Structure formats: structure tokens, C-alpha cells
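Colleague: Enclosed is the structure file entry17.pdb (PDB, C-alpha atoms, pLDDT in the B column).
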```
ATOM      1  CA  ASN O 586      -3.273  -3.472  -2.855  1.00 61.00           C
ATOM      2  CA  GLU O 587      -1.935  -4.081   0.651  1.00 66.00           C
ATOM      3  CA  THR O 588       1.485  -2.568  -0.111  1.00 61.00           C
ATOM      4  CA  GLY O 589       0.487   1.098   0.054  1.00 59.00           C
ATOM      5  CA  LEU O 590      -0.252   1.718  -3.637  1.00 61.00           C
ATOM      6  CA  ILE O 591      -2.264   4.816  -4.502  1.00 61.00           C
ATOM      7  CA  ASP O 592      -4.289   2.848  -7.064  1.00 62.00           C
ATOM      8  CA  GLY O 593      -3.596  -0.836  -7.589  1.00 65.00           C
ATOM      9  CA  TYR O 594      -6.124  -3.428  -8.661  1.00 65.00           C
ATOM     10  CA  ALA O 595      -9.647  -2.021  -8.961  1.00 69.00           C
ATOM     11  CA  GLN O 596     -12.670  -4.291  -9.377  1.00 73.00           C
ATOM     12  CA  GLY O 597     -14.218  -3.859 -12.809  1.00 73.00           C
ATOM     13  CA  ASP O 598     -11.520  -1.544 -14.191  1.00 70.00           C
ATOM     14  CA  LEU O 599     -10.103  -3.831 -16.882  1.00 70.00           C
ATOM     15  CA  ILE O 600      -8.256  -1.161 -18.877  1.00 71.00           C
ATOM     16  CA  GLY O 601      -6.861   0.515 -15.783  1.00 69.00           C
ATOM     17  CA  ASN O 602      -5.759  -2.807 -14.288  1.00 70.00           C
ATOM     18  CA  LEU O 603      -4.012  -3.830 -17.517  1.00 76.00           C
ATOM     19  CA  GLY O 604      -2.291  -0.468 -17.669  1.00 71.00           C
ATOM     20  CA  PHE O 605      -1.167  -0.753 -14.067  1.00 75.00           C
ATOM     21  CA  ILE O 606       0.198  -4.299 -14.248  1.00 77.00           C
ATOM     22  CA  SER O 607       1.964  -3.703 -17.590  1.00 75.00           C
ATOM     23  CA  HIS O 608       3.531  -0.559 -16.114  1.00 73.00           C
ATOM     24  CA  VAL O 609       4.880  -2.492 -13.123  1.00 78.00           C
ATOM     25  CA  LEU O 610       6.177  -5.491 -15.086  1.00 81.00           C
ATOM     26  CA  LEU O 611       7.792  -3.447 -17.859  1.00 83.00           C
ATOM     27  CA  ALA O 612       9.469  -1.234 -15.260  1.00 83.00           C
ATOM     28  CA  ALA O 613      11.350  -4.342 -14.145  1.00 84.00           C
ATOM     29  CA  PHE O 614      12.501  -4.856 -17.741  1.00 88.00           C
ATOM     30  CA  VAL O 615      13.857  -1.324 -18.205  1.00 90.00           C
ATOM     31  CA  SER O 616      15.649  -1.518 -14.859  1.00 87.00           C
ATOM     32  CA  VAL O 617      17.795  -4.371 -16.186  1.00 90.00           C
ATOM     33  CA  SER O 618      17.852  -3.420 -19.859  1.00 93.00           C
ATOM     34  CA  GLY O 619      19.001   0.144 -19.176  1.00 91.00           C
ATOM     35  CA  VAL O 620      21.958  -0.972 -17.096  1.00 92.00           C
ATOM     36  CA  MET O 621      22.989  -3.405 -19.834  1.00 93.00           C
ATOM     37  CA  GLN O 622      23.009  -0.543 -22.339  1.00 92.00           C
ATOM     38  CA  LEU O 623      25.482   1.465 -20.276  1.00 90.00           C
ATOM     39  CA  LEU O 624      28.047  -1.310 -19.795  1.00 92.00           C
ATOM     40  CA  PRO O 625      31.076  -0.672 -22.063  1.00 91.00           C
ATOM     41  CA  ILE O 626      31.879  -4.391 -22.316  1.00 93.00           C
ATOM     42  CA  VAL O 627      28.408  -5.074 -23.737  1.00 92.00           C
ATOM     43  CA  ARG O 628      28.743  -2.274 -26.305  1.00 89.00           C
ATOM     44  CA  ARG O 629      32.180  -3.462 -27.405  1.00 91.00           C
ATOM     45  CA  ARG O 630      31.749  -7.241 -27.425  1.00 93.00           C
ATOM     46  CA  PHE O 631      28.050  -7.580 -28.259  1.00 94.00           C
ATOM     47  CA  PRO O 632      27.166  -4.688 -30.579  1.00 92.00           C
ATOM     48  CA  THR O 633      24.182  -6.476 -32.139  1.00 94.00           C
ATOM     49  CA  PHE O 634      22.680  -7.145 -28.716  1.00 94.00           C
ATOM     50  CA  HIS O 635      23.381  -3.527 -27.776  1.00 93.00           C
ATOM     51  CA  ARG O 636      21.459  -2.262 -30.802  1.00 93.00           C
ATOM     52  CA  TRP O 637      18.417  -4.506 -30.358  1.00 95.00           C
ATOM     53  CA  ASN O 638      18.343  -4.120 -26.604  1.00 94.00           C
ATOM     54  CA  GLY O 639      18.527  -0.349 -27.106  1.00 93.00           C
ATOM     55  CA  ARG O 640      15.571  -0.400 -29.463  1.00 94.00           C
ATOM     56  CA  ALA O 641      13.549  -2.455 -27.004  1.00 94.00           C
ATOM     57  CA  TYR O 642      14.622  -0.243 -24.121  1.00 94.00           C
ATOM     58  CA  MET O 643      13.620   2.988 -25.833  1.00 94.00           C
ATOM     59  CA  SER O 644      10.321   1.539 -27.056  1.00 93.00           C
ATOM     60  CA  VAL O 645       9.352   0.315 -23.596  1.00 92.00           C
ATOM     61  CA  ALA O 646      10.520   3.574 -21.998  1.00 93.00           C
ATOM     62  CA  VAL O 647       8.263   5.591 -24.318  1.00 94.00           C
ATOM     63  CA  PHE O 648       5.355   3.212 -23.650  1.00 89.00           C
ATOM     64  CA  LEU O 649       5.886   3.549 -19.891  1.00 89.00           C
ATOM     65  CA  ALA O 650       6.111   7.327 -20.103  1.00 91.00           C
ATOM     66  CA  VAL O 651       2.840   7.644 -22.003  1.00 90.00           C
ATOM     67  CA  GLY O 652       1.185   4.981 -19.828  1.00 84.00           C
ATOM     68  CA  GLY O 653       2.388   6.632 -16.629  1.00 84.00           C
ATOM     69  CA  ILE O 654       0.982  10.003 -17.672  1.00 88.00           C
ATOM     70  CA  LEU O 655      -2.349   8.376 -18.496  1.00 85.00           C
ATOM     71  CA  LEU O 656      -2.413   6.525 -15.172  1.00 80.00           C
ATOM     72  CA  VAL O 657      -1.791   9.779 -13.309  1.00 83.00           C
ATOM     73  CA  TRP O 658      -4.262  12.047 -15.113  1.00 84.00           C
ATOM     74  CA  VAL O 659      -6.866   9.642 -16.565  1.00 80.00           C
ATOM     75  CA  ARG O 660      -7.036   6.933 -13.921  1.00 73.00           C
ATOM     76  CA  GLY O 661      -6.286   9.442 -11.174  1.00 71.00           C
ATOM     77  CA  THR O 662      -3.286   7.671  -9.656  1.00 69.00           C
ATOM     78  CA  ARG O 663      -2.032  10.687  -7.709  1.00 70.00           C
ATOM     79  CA  MET O 664      -2.229  12.203  -4.246  1.00 70.00           C
ATOM     80  CA  ASN O 665      -1.964  15.835  -5.304  1.00 80.00           C
ATOM     81  CA  ASP O 666      -1.681  17.725  -8.570  1.00 82.00           C
ATOM     82  CA  LEU O 667       1.603  19.545  -7.886  1.00 87.00           C
ATOM     83  CA  ALA O 668       3.538  16.348  -7.217  1.00 85.00           C
ATOM     84  CA  ALA O 669       1.813  14.671 -10.167  1.00 86.00           C
ATOM     85  CA  LEU O 670       2.993  17.514 -12.405  1.00 91.00           C
ATOM     86  CA  GLY O 671       6.587  16.679 -11.496  1.00 90.00           C
ATOM     87  CA  THR O 672       6.036  13.052 -12.494  1.00 89.00           C
ATOM     88  CA  THR O 673       4.420  14.220 -15.729  1.00 93.00           C
ATOM     89  CA  ILE O 674       7.383  16.450 -16.593  1.00 95.00           C
ATOM     90  CA  ASP O 675       9.669  13.476 -16.030  1.00 94.00           C
ATOM     91  CA  GLY O 676       7.522  11.431 -18.420  1.00 93.00           C
ATOM     92  CA  LEU O 677       7.722  14.148 -21.070  1.00 96.00           C
ATOM     93  CA  LEU O 678      11.504  14.300 -20.644  1.00 97.00           C
ATOM     94  CA  ILE O 679      11.625  10.553 -21.340  1.00 96.00           C
ATOM     95  CA  LEU O 680       9.958  11.185 -24.703  1.00 96.00           C
ATOM     96  CA  VAL O 681      12.351  14.046 -25.512  1.00 97.00           C
ATOM     97  CA  THR O 682      15.553  12.233 -24.501  1.00 97.00           C
ATOM     98  CA  ALA O 683      14.470   9.038 -26.278  1.00 96.00           C
ATOM     99  CA  GLY O 684      13.925  11.046 -29.460  1.00 96.00           C
ATOM    100  CA  PHE O 685      17.387  12.633 -29.330  1.00 97.00           C
ATOM    101  CA  THR O 686      19.006   9.299 -28.405  1.00 96.00           C
ATOM    102  CA  LEU O 687      17.465   7.642 -31.453  1.00 95.00           C
ATOM    103  CA  ARG O 688      18.199  10.597 -33.734  1.00 95.00           C
ATOM    104  CA  HIS O 689      21.916  10.617 -32.932  1.00 96.00           C
ATOM    105  CA  ALA O 690      22.137   6.821 -33.175  1.00 93.00           C
ATOM    106  CA  ILE O 691      20.649   6.868 -36.679  1.00 94.00           C
ATOM    107  CA  ALA O 692      23.050   9.655 -37.707  1.00 95.00           C
ATOM    108  CA  ARG O 693      25.976   7.681 -36.234  1.00 92.00           C
ATOM    109  CA  ARG O 694      26.916  10.562 -33.932  1.00 95.00           C
ATOM    110  CA  ILE O 695      28.024   8.092 -31.297  1.00 92.00           C
ATOM    111  CA  ASP O 696      29.303  10.516 -28.665  1.00 93.00           C
ATOM    112  CA  GLN O 697      26.095  12.553 -28.730  1.00 95.00           C
ATOM    113  CA  HIS O 698      24.083   9.335 -28.800  1.00 94.00           C
ATOM    114  CA  ARG O 699      25.779   8.119 -25.610  1.00 93.00           C
ATOM    115  CA  ARG O 700      25.246  11.437 -23.849  1.00 95.00           C
ATOM    116  CA  TRP O 701      21.535  11.452 -24.639  1.00 96.00           C
ATOM    117  CA  ALA O 702      21.267   7.741 -23.751  1.00 95.00           C
ATOM    118  CA  MET O 703      22.646   8.553 -20.289  1.00 96.00           C
ATOM    119  CA  ARG O 704      20.133  11.379 -19.920  1.00 96.00           C
ATOM    120  CA  LEU O 705      17.394   8.981 -20.966  1.00 96.00           C
ATOM    121  CA  PHE O 706      18.573   6.448 -18.372  1.00 95.00           C
ATOM    122  CA  VAL O 707      18.389   9.093 -15.635  1.00 95.00           C
ATOM    123  CA  VAL O 708      14.857  10.279 -16.406  1.00 95.00           C
ATOM    124  CA  VAL O 709      13.549   6.745 -16.979  1.00 94.00           C
ATOM    125  CA  ASN O 710      14.660   5.974 -13.422  1.00 93.00           C
ATOM    126  CA  GLY O 711      12.990   9.102 -12.067  1.00 91.00           C
ATOM    127  CA  VAL O 712      10.245   7.227 -10.231  1.00 87.00           C
ATOM    128  CA  TRP O 713      12.898   4.984  -8.667  1.00 89.00           C
ATOM    129  CA  PHE O 714      14.817   8.067  -7.533  1.00 92.00           C
ATOM    130  CA  VAL O 715      11.571   9.359  -5.989  1.00 90.00           C
ATOM    131  CA  ARG O 716      11.329   6.357  -3.679  1.00 88.00           C
ATOM    132  CA  VAL O 717      15.003   6.397  -2.809  1.00 92.00           C
ATOM    133  CA  GLY O 718      14.896  10.159  -2.295  1.00 93.00           C
ATOM    134  CA  TYR O 719      11.889   9.961   0.001  1.00 90.00           C
ATOM    135  CA  MET O 720      13.585   7.427   2.220  1.00 92.00           C
ATOM    136  CA  ALA O 721      16.928   9.244   2.282  1.00 95.00           C
ATOM    137  CA  TRP O 722      15.187  12.484   3.254  1.00 94.00           C
ATOM    138  CA  ALA O 723      13.011  10.737   5.842  1.00 93.00           C
ATOM    139  CA  ILE O 724      16.061   9.205   7.550  1.00 94.00           C
ATOM    140  CA  ALA O 725      18.260  12.312   7.336  1.00 93.00           C
ATOM    141  CA  SER O 726      15.624  14.852   8.392  1.00 92.00           C
ATOM    142  CA  GLY O 727      13.342  12.760  10.568  1.00 90.00           C
ATOM    143  CA  GLY O 728      10.525  13.213   8.042  1.00 87.00           C
ATOM    144  CA  ALA O 729      10.548  17.024   7.981  1.00 91.00           C
ATOM    145  CA  GLY O 730       8.043  18.406   5.474  1.00 89.00           C
ATOM    146  CA  MET O 731       6.442  15.017   4.866  1.00 87.00           C
ATOM    147  CA  SER O 732       2.921  13.815   5.610  1.00 82.00           C
ATOM    148  CA  ARG O 733       0.942  10.598   5.272  1.00 77.00           C
ATOM    149  CA  SER O 734      -1.244  12.217   2.629  1.00 74.00           C
ATOM    150  CA  LEU O 735       1.905  13.194   0.635  1.00 76.00           C
ATOM    151  CA  ASN O 736       1.025  16.885   0.530  1.00 82.00           C
ATOM    152  CA  GLY O 737       3.889  18.302   2.601  1.00 86.00           C
ATOM    153  CA  PRO O 738       6.596  20.536   1.071  1.00 90.00           C
ATOM    154  CA  ALA O 739       9.094  17.686   0.828  1.00 90.00           C
ATOM    155  CA  ASP O 740       6.443  15.405  -0.704  1.00 88.00           C
ATOM    156  CA  ILE O 741       5.704  17.955  -3.419  1.00 90.00           C
ATOM    157  CA  LEU O 742       9.338  18.836  -4.174  1.00 93.00           C
ATOM    158  CA  MET O 743      10.656  15.258  -4.309  1.00 92.00           C
ATOM    159  CA  PRO O 744       9.142  14.290  -7.718  1.00 91.00           C
ATOM    160  CA  TYR O 745      10.962  17.294  -9.231  1.00 94.00           C
ATOM    161  CA  ALA O 746      14.254  16.762  -7.374  1.00 94.00           C
ATOM    162  CA  ALA O 747      14.200  13.074  -8.309  1.00 93.00           C
ATOM    163  CA  PHE O 748      15.027  13.817 -11.933  1.00 94.00           C
ATOM    164  CA  LEU O 749      16.517  17.319 -11.722  1.00 95.00           C
ATOM    165  CA  VAL O 750      19.291  16.483  -9.231  1.00 95.00           C
ATOM    166  CA  PRO O 751      20.504  13.349 -11.091  1.00 96.00           C
ATOM    167  CA  LEU O 752      20.356  15.241 -14.404  1.00 96.00           C
ATOM    168  CA  ILE O 753      22.437  18.087 -12.971  1.00 96.00           C
ATOM    169  CA  LEU O 754      24.992  15.627 -11.603  1.00 96.00           C
ATOM    170  CA  LEU O 755      25.132  13.902 -14.976  1.00 97.00           C
ATOM    171  CA  GLU O 756      25.743  17.189 -16.786  1.00 96.00           C
ATOM    172  CA  PHE O 757      28.563  18.029 -14.380  1.00 97.00           C
ATOM    173  CA  TYR O 758      30.033  14.569 -14.974  1.00 97.00           C
ATOM    174  CA  LEU O 759      29.907  14.993 -18.767  1.00 96.00           C
ATOM    175  CA  ARG O 760      31.598  18.378 -18.535  1.00 95.00           C
ATOM    176  CA  ALA O 761      34.210  17.104 -16.078  1.00 96.00           C
ATOM    177  CA  ARG O 762      35.036  14.250 -18.440  1.00 93.00           C
ATOM    178  CA  ASP O 763      35.819  16.787 -21.165  1.00 92.00           C
ATOM    179  CA  SER O 764      37.544  19.277 -18.865  1.00 93.00           C
ATOM    180  CA  ARG O 765      41.282  19.652 -18.337  1.00 92.00           C
ATOM    181  CA  SER O 766      40.814  21.147 -14.876  1.00 94.00           C
ATOM    182  CA  SER O 767      41.830  18.666 -12.184  1.00 94.00           C
ATOM    183  CA  GLY O 768      40.118  20.833  -9.565  1.00 94.00           C
ATOM    184  CA  PHE O 769      36.819  20.693 -11.423  1.00 96.00           C
ATOM    185  CA  LYS O 770      37.153  16.941 -11.897  1.00 96.00           C
ATOM    186  CA  LEU O 771      37.842  16.502  -8.175  1.00 96.00           C
ATOM    187  CA  ALA O 772      34.855  18.646  -7.198  1.00 97.00           C
ATOM    188  CA  VAL O 773      32.533  16.683  -9.481  1.00 97.00           C
ATOM    189  CA  THR O 774      33.940  13.418  -8.136  1.00 96.00           C
ATOM    190  CA  GLY O 775      33.081  14.584  -4.625  1.00 97.00           C
ATOM    191  CA  ALA O 776      29.548  15.558  -5.679  1.00 96.00           C
ATOM    192  CA  ILE O 777      28.998  12.171  -7.300  1.00 96.00           C
ATOM    193  CA  ALA O 778      30.357  10.398  -4.216  1.00 96.00           C
ATOM    194  CA  LEU O 779      27.913  12.394  -2.079  1.00 96.00           C
ATOM    195  CA  GLY O 780      25.102  11.445  -4.432  1.00 95.00           C
ATOM    196  CA  ALA O 781      26.124   7.794  -4.198  1.00 95.00           C
ATOM    197  CA  GLY O 782      26.050   8.010  -0.397  1.00 96.00           C
ATOM    198  CA  ILE O 783      22.572   9.559  -0.424  1.00 95.00           C
ATOM    199  CA  THR O 784      21.429   6.851  -2.828  1.00 95.00           C
ATOM    200  CA  ALA O 785      22.815   4.140  -0.545  1.00 96.00           C
ATOM    201  CA  LEU O 786      21.006   5.671   2.436  1.00 96.00           C
ATOM    202  CA  GLY O 787      17.775   5.866   0.454  1.00 94.00           C
ATOM    203  CA  LEU O 788      18.141   2.285  -0.745  1.00 93.00           C
ATOM    204  CA  PHE O 789      18.595   1.080   2.821  1.00 94.00           C
ATOM    205  CA  GLY O 790      15.506   2.975   3.931  1.00 92.00           C
ATOM    206  CA  ALA O 791      13.423   1.844   0.962  1.00 88.00           C
ATOM    207  CA  TRP O 792      14.401  -1.777   1.552  1.00 89.00           C
ATOM    208  CA  MET O 793      13.669  -1.661   5.263  1.00 88.00           C
ATOM    209  CA  MET O 794      10.425   0.349   5.124  1.00 83.00           C
ATOM    210  CA  MET O 795       8.922  -0.104   1.663  1.00 79.00           C
ATOM    211  CA  TRP O 796      10.108  -3.283  -0.013  1.00 80.00           C
ATOM    212  CA  SER O 797      11.191  -6.035   2.390  1.00 81.00           C
ATOM    213  CA  PRO O 798       8.007  -5.863   4.550  1.00 80.00           C
ATOM    214  CA  ASN O 799       5.979  -6.770   1.454  1.00 75.00           C
ATOM    215  CA  ILE O 800       8.111  -9.688   0.270  1.00 76.00           C
ATOM    216  CA  ALA O 801       6.834 -13.120   1.279  1.00 63.00           C
ATOM    217  CA  TYR O 802       9.655 -15.415   2.260  1.00 53.00           C
TER     218      TYR O 802
END
```
Show me the file's structure as C-alpha cells.
Modeller:
Amino acid sequence: NETGLIDGYAQGDLIGNLGFISHVLLAAFVSVSGVMQLLPIVRRRFPTFHRWNGRAYMSVAVFLAVGGILLVWVRGTRMNDLAALGTTIDGLLILVTAGFTLRHAIARRIDQHRRWAMRLFVVVNGVWFVRVGYMAWAIASGGAGMSRSLNGPADILMPYAAFLVPLILLEFYLRARDSRSSGFKLAVTGAIALGAGITALGLFGAWMMMWSPNIAY
């Protein structure tokens, strides 16, 4: 509760506390599990692990999406409704992309399955992109449009940008992979490199201002 959470542990709220702690712990699982799913060497050399890890990943992602929506709108873990709506849309997209990922896997449409699995990975990490995006924007702009109560223009837009921008970059990447245009491939490569740089800046800021101060050494 001392790390700046909107709603952490609340005395007497057993259901809410269980929902909160399961959300946090399972988020750590999907962070690792999702990366494992995208590694080509894992898919090629350990197909059985890939299948079972994928099932666990999708199941936990759906659970987290539903739980996150309930935490926001039932428990009231939000600062303002507009920003919370962005988080909710991201949660709904998790359910949609998980459904298509599973559907194509069952039908053995492997290429479509991989494309939807990558989309699922992006939206599952939406809340992570929010934190990284906040810090990158804060450093680059000096905190323009941000407020301590999280009701500034940048605060409201970030939950939407956190999944829309990565999804757009992913779609450009998928199209560039299929394209024969070297110019298009080069342009997309530059956009992804820019995105990687912004991510690195946001990670640095998040580590320095959000995460490392709350780690006990």
C-alpha cells in the first residue's frame, strides 16, 4: 500500500484482496510465459511444452482480463472513468484475441494462429505499456498533460495509446514481413526501432521512479 497503488490491501475486503493479489502474482506468470510462447526455438524443439504453456497462458490471460475489469468497475480501482474505459477496452481485446488464437490453433491454421498470438501478447501487456509509456512521456515532455490525480490529457490518453500504438506497429510488421517492397520494410524497421527506443526510455524511467524505490535490498 506504500508503493502508490490506487487500491491495494483493504481491511475487511477479503474478495477484493484475493482478486488484487491473484492479479498481481498471475501477471508475473504471463510476463514470462508469453515471452516463452514467442521464441521460435521453444516452438520447434519443445512443441509439447509450447502447447501446454500456450493453454495456461491463454487461460490466465482471460482470467486476468475478467478480473481486471471487475477490479476497475466493481472494486473501484480507478482514478477516472475515461482512463478506466481504455483499460477495459484492452481487457475486452484480450478476450477477443485469445478466442481467435485458440480457434486458429484448433483448426491448425498455424500462420493465422501465430498472428493472433502476437496480437494477444501485445494486448496482454497493455498495462505494462501504460507504465512504460507514462515514464517515457514524462521524461520526454517534462510531464506535459499529466497530473498527480491522473486526470490530465496525457493521463487519459495513455491507457488507449498503450495498446493501440503497439498493435499498429505489430500490424505494420506483419504486413512488412509479407511485402516485397524494400522501402516499406525499411520504413517499418525504422518505426520499430523508434518504438524500441521509446520503450527503453520508459523502462529506465519506470525503474528509477516506480520500481527500484520500492524494492528492499
Colleague: Suppose a student applies the PyMOL selection byres ((chain O and resi 751) around 10) to this structure; what residues should they get, written as an NGL selection string?
Modeller: :O and (704 or 707-708 or 710-711 or 714 or 746-750 or 752-757 or 777 or 780)
Colleague: To verify the selection step, state as a PyMOL selection string which residues the PyMOL selection byres ((chain O and resi 612-624) around 9) yields on this input.
Modeller: chain O and resi 607-611+625-629+635-636+638-639+641-643+645-646+649+699+702-703+706+709-710
Colleague: Which is closest to Asp675 of chain O among O:Trp713, O:Asp763, O:Ile695, O:Leu786, if we use all atoms listed in the file?
Modeller: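 So, comparing all the options, the nearest one is O:Trp713.
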Colleague: Report as a list in words all protein, DNA and RNA residues lying within 12 Å of Asp666 of chain O, evaluated on all atoms listed in the file, omitting residues in the same chain fewer than 3 positions from it.
Modeller: Val657, Trp658, Gly661, Thr662, Arg663, Ala669, Leu670, Gly671, Thr672, Thr673, Leu735, Asn736, Asp740, Ile741, Leu742 and Pro744 of chain O
Colleague: Hey, what comes out of the PyMOL selection byres ((chain O and resi 686) around 10) on this file? Could you write it as number ranges by chain?
Modeller: O: 639, 643, 680-685, 687-691, 694-695, 697-705
Colleague: For Met664 of chain O, which residue among O:Val647, O:Gly737, O:Asp696, O:Arg630 is the nearest when counting all atoms listed in the file?
Modeller: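 Using all atoms listed in the file, the shortest distance to Met664 of chain O belongs to O:Gly737.
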Colleague: Please indicate the distance in Å from atom CA of Ser726 of chain O to atom CA of Pro738 of chain O, rounded to one decimal place.
Modeller: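 Interatomic distance here is 12.9 Å.
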Colleague: Provide the atom CA of Ala668 of chain O to atom CA of Ala739 of chain O distance in Å, to one decimal place.
Modeller: 9.9 Å
Colleague: As an exercise, work out the distance from atom CA of Gly718 of chain O to atom CA of Arg762 of chain O in Å and give it to one decimal place.
Modeller: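 Atom CA of Arg762 of chain O lies at a distance of 26.1 Å from atom CA of Gly718 of chain O.
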Colleague: What lies within 10 Å of Arg660 of chain O using all atoms listed in the file, ignoring chain neighbours under 2 positions off, as a list in words?
Modeller: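 Neighbouring residues, sequence-local ones excluded: Asp592, Asp598, Ile600, Gly601, Asn602, Gly604, Phe605, Gly653, Ile654, Leu655, Leu656, Val657, Trp658, Thr662 and Arg663 of chain O.
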Colleague: Let me make sure I understand: among O:Phe634, O:Tyr745, O:Tyr719, O:Phe648, which one has the smallest atom-to-atom distance to Ser732 of chain O if we use only C-alpha atoms?
Modeller: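 Ranking O:Phe634, O:Tyr745, O:Tyr719, O:Phe648 by distance to Ser732 of chain O, first place goes to O:Tyr719.
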Colleague: Given 8 Å on each side, where is the centre and what are the edge lengths in Å to one decimal of the axis-aligned box enclosing the listed atoms of segment 666-678 of chain O, as lines of an AutoDock Vina configuration file?
Modeller:
```
center_x = 4.9
center_y = 15.5
center_z = -14.1
size_x = 29.2
size_y = 24.1
size_z = 29.9
```
Colleague: Could you complete segment 772-790 of chain O so that it carries N, CA and C atoms, and give it back as a PDB file, in the frame of the given file?
Modeller:
```pdb
ATOM      1  N   ALA O 772      36.096  18.156  -7.788  1.00 97.00           N
ATOM      2  CA  ALA O 772      34.855  18.646  -7.198  1.00 97.00           C
ATOM      3  C   ALA O 772      33.664  17.815  -7.658  1.00 97.00           C
ATOM      4  N   VAL O 773      33.633  17.497  -8.951  1.00 97.00           N
ATOM      5  CA  VAL O 773      32.533  16.683  -9.481  1.00 97.00           C
ATOM      6  C   VAL O 773      32.586  15.270  -8.907  1.00 97.00           C
ATOM      7  N   THR O 774      33.789  14.736  -8.754  1.00 96.00           N
ATOM      8  CA  THR O 774      33.940  13.418  -8.136  1.00 96.00           C
ATOM      9  C   THR O 774      33.354  13.408  -6.726  1.00 96.00           C
ATOM     10  N   GLY O 775      33.633  14.481  -5.974  1.00 97.00           N
ATOM     11  CA  GLY O 775      33.081  14.584  -4.625  1.00 97.00           C
ATOM     12  C   GLY O 775      31.569  14.672  -4.635  1.00 97.00           C
ATOM     13  N   ALA O 776      31.003  15.427  -5.580  1.00 96.00           N
ATOM     14  CA  ALA O 776      29.548  15.558  -5.679  1.00 96.00           C
ATOM     15  C   ALA O 776      28.900  14.222  -6.019  1.00 96.00           C
ATOM     16  N   ILE O 777      29.537  13.483  -6.929  1.00 96.00           N
ATOM     17  CA  ILE O 777      28.998  12.171  -7.300  1.00 96.00           C
ATOM     18  C   ILE O 777      29.108  11.194  -6.135  1.00 96.00           C
ATOM     19  N   ALA O 778      30.206  11.265  -5.393  1.00 96.00           N
ATOM     20  CA  ALA O 778      30.357  10.398  -4.216  1.00 96.00           C
ATOM     21  C   ALA O 778      29.275  10.712  -3.183  1.00 96.00           C
ATOM     22  N   LEU O 779      28.988  12.010  -2.996  1.00 96.00           N
ATOM     23  CA  LEU O 779      27.913  12.394  -2.079  1.00 96.00           C
ATOM     24  C   LEU O 779      26.570  11.859  -2.564  1.00 96.00           C
ATOM     25  N   GLY O 780      26.341  11.984  -3.870  1.00 95.00           N
ATOM     26  CA  GLY O 780      25.102  11.445  -4.432  1.00 95.00           C
ATOM     27  C   GLY O 780      24.995   9.941  -4.247  1.00 95.00           C
ATOM     28  N   ALA O 781      26.122   9.249  -4.400  1.00 95.00           N
ATOM     29  CA  ALA O 781      26.124   7.794  -4.198  1.00 95.00           C
ATOM     30  C   ALA O 781      25.805   7.454  -2.745  1.00 95.00           C
ATOM     31  N   GLY O 782      26.339   8.246  -1.807  1.00 96.00           N
ATOM     32  CA  GLY O 782      26.050   8.010  -0.397  1.00 96.00           C
ATOM     33  C   GLY O 782      24.585   8.228  -0.075  1.00 96.00           C
ATOM     34  N   ILE O 783      24.000   9.296  -0.633  1.00 95.00           N
ATOM     35  CA  ILE O 783      22.572   9.559  -0.424  1.00 95.00           C
ATOM     36  C   ILE O 783      21.728   8.435  -1.017  1.00 95.00           C
ATOM     37  N   THR O 784      22.136   7.963  -2.199  1.00 95.00           N
ATOM     38  CA  THR O 784      21.429   6.851  -2.828  1.00 95.00           C
ATOM     39  C   THR O 784      21.488   5.603  -1.965  1.00 95.00           C
ATOM     40  N   ALA O 785      22.664   5.314  -1.411  1.00 96.00           N
ATOM     41  CA  ALA O 785      22.815   4.140  -0.545  1.00 96.00           C
ATOM     42  C   ALA O 785      21.929   4.252   0.690  1.00 96.00           C
ATOM     43  N   LEU O 786      21.876   5.451   1.280  1.00 96.00           N
ATOM     44  CA  LEU O 786      21.006   5.671   2.436  1.00 96.00           C
ATOM     45  C   LEU O 786      19.548   5.470   2.064  1.00 96.00           C
ATOM     46  N   GLY O 787      19.153   6.022   0.905  1.00 94.00           N
ATOM     47  CA  GLY O 787      17.775   5.866   0.454  1.00 94.00           C
ATOM     48  C   GLY O 787      17.419   4.429   0.136  1.00 94.00           C
ATOM     49  N   LEU O 788      18.374   3.702  -0.454  1.00 93.00           N
ATOM     50  CA  LEU O 788      18.141   2.285  -0.745  1.00 93.00           C
ATOM     51  C   LEU O 788      17.919   1.485   0.535  1.00 93.00           C
ATOM     52  N   PHE O 789      18.748   1.765   1.539  1.00 94.00           N
ATOM     53  CA  PHE O 789      18.595   1.080   2.821  1.00 94.00           C
ATOM     54  C   PHE O 789      17.204   1.357   3.404  1.00 94.00           C
ATOM     55  N   GLY O 790      16.805   2.628   3.387  1.00 92.00           N
ATOM     56  CA  GLY O 790      15.506   2.975   3.931  1.00 92.00           C
ATOM     57  C   GLY O 790      14.365   2.370   3.140  1.00 92.00           C
TER      58      GLY O 790
END
```
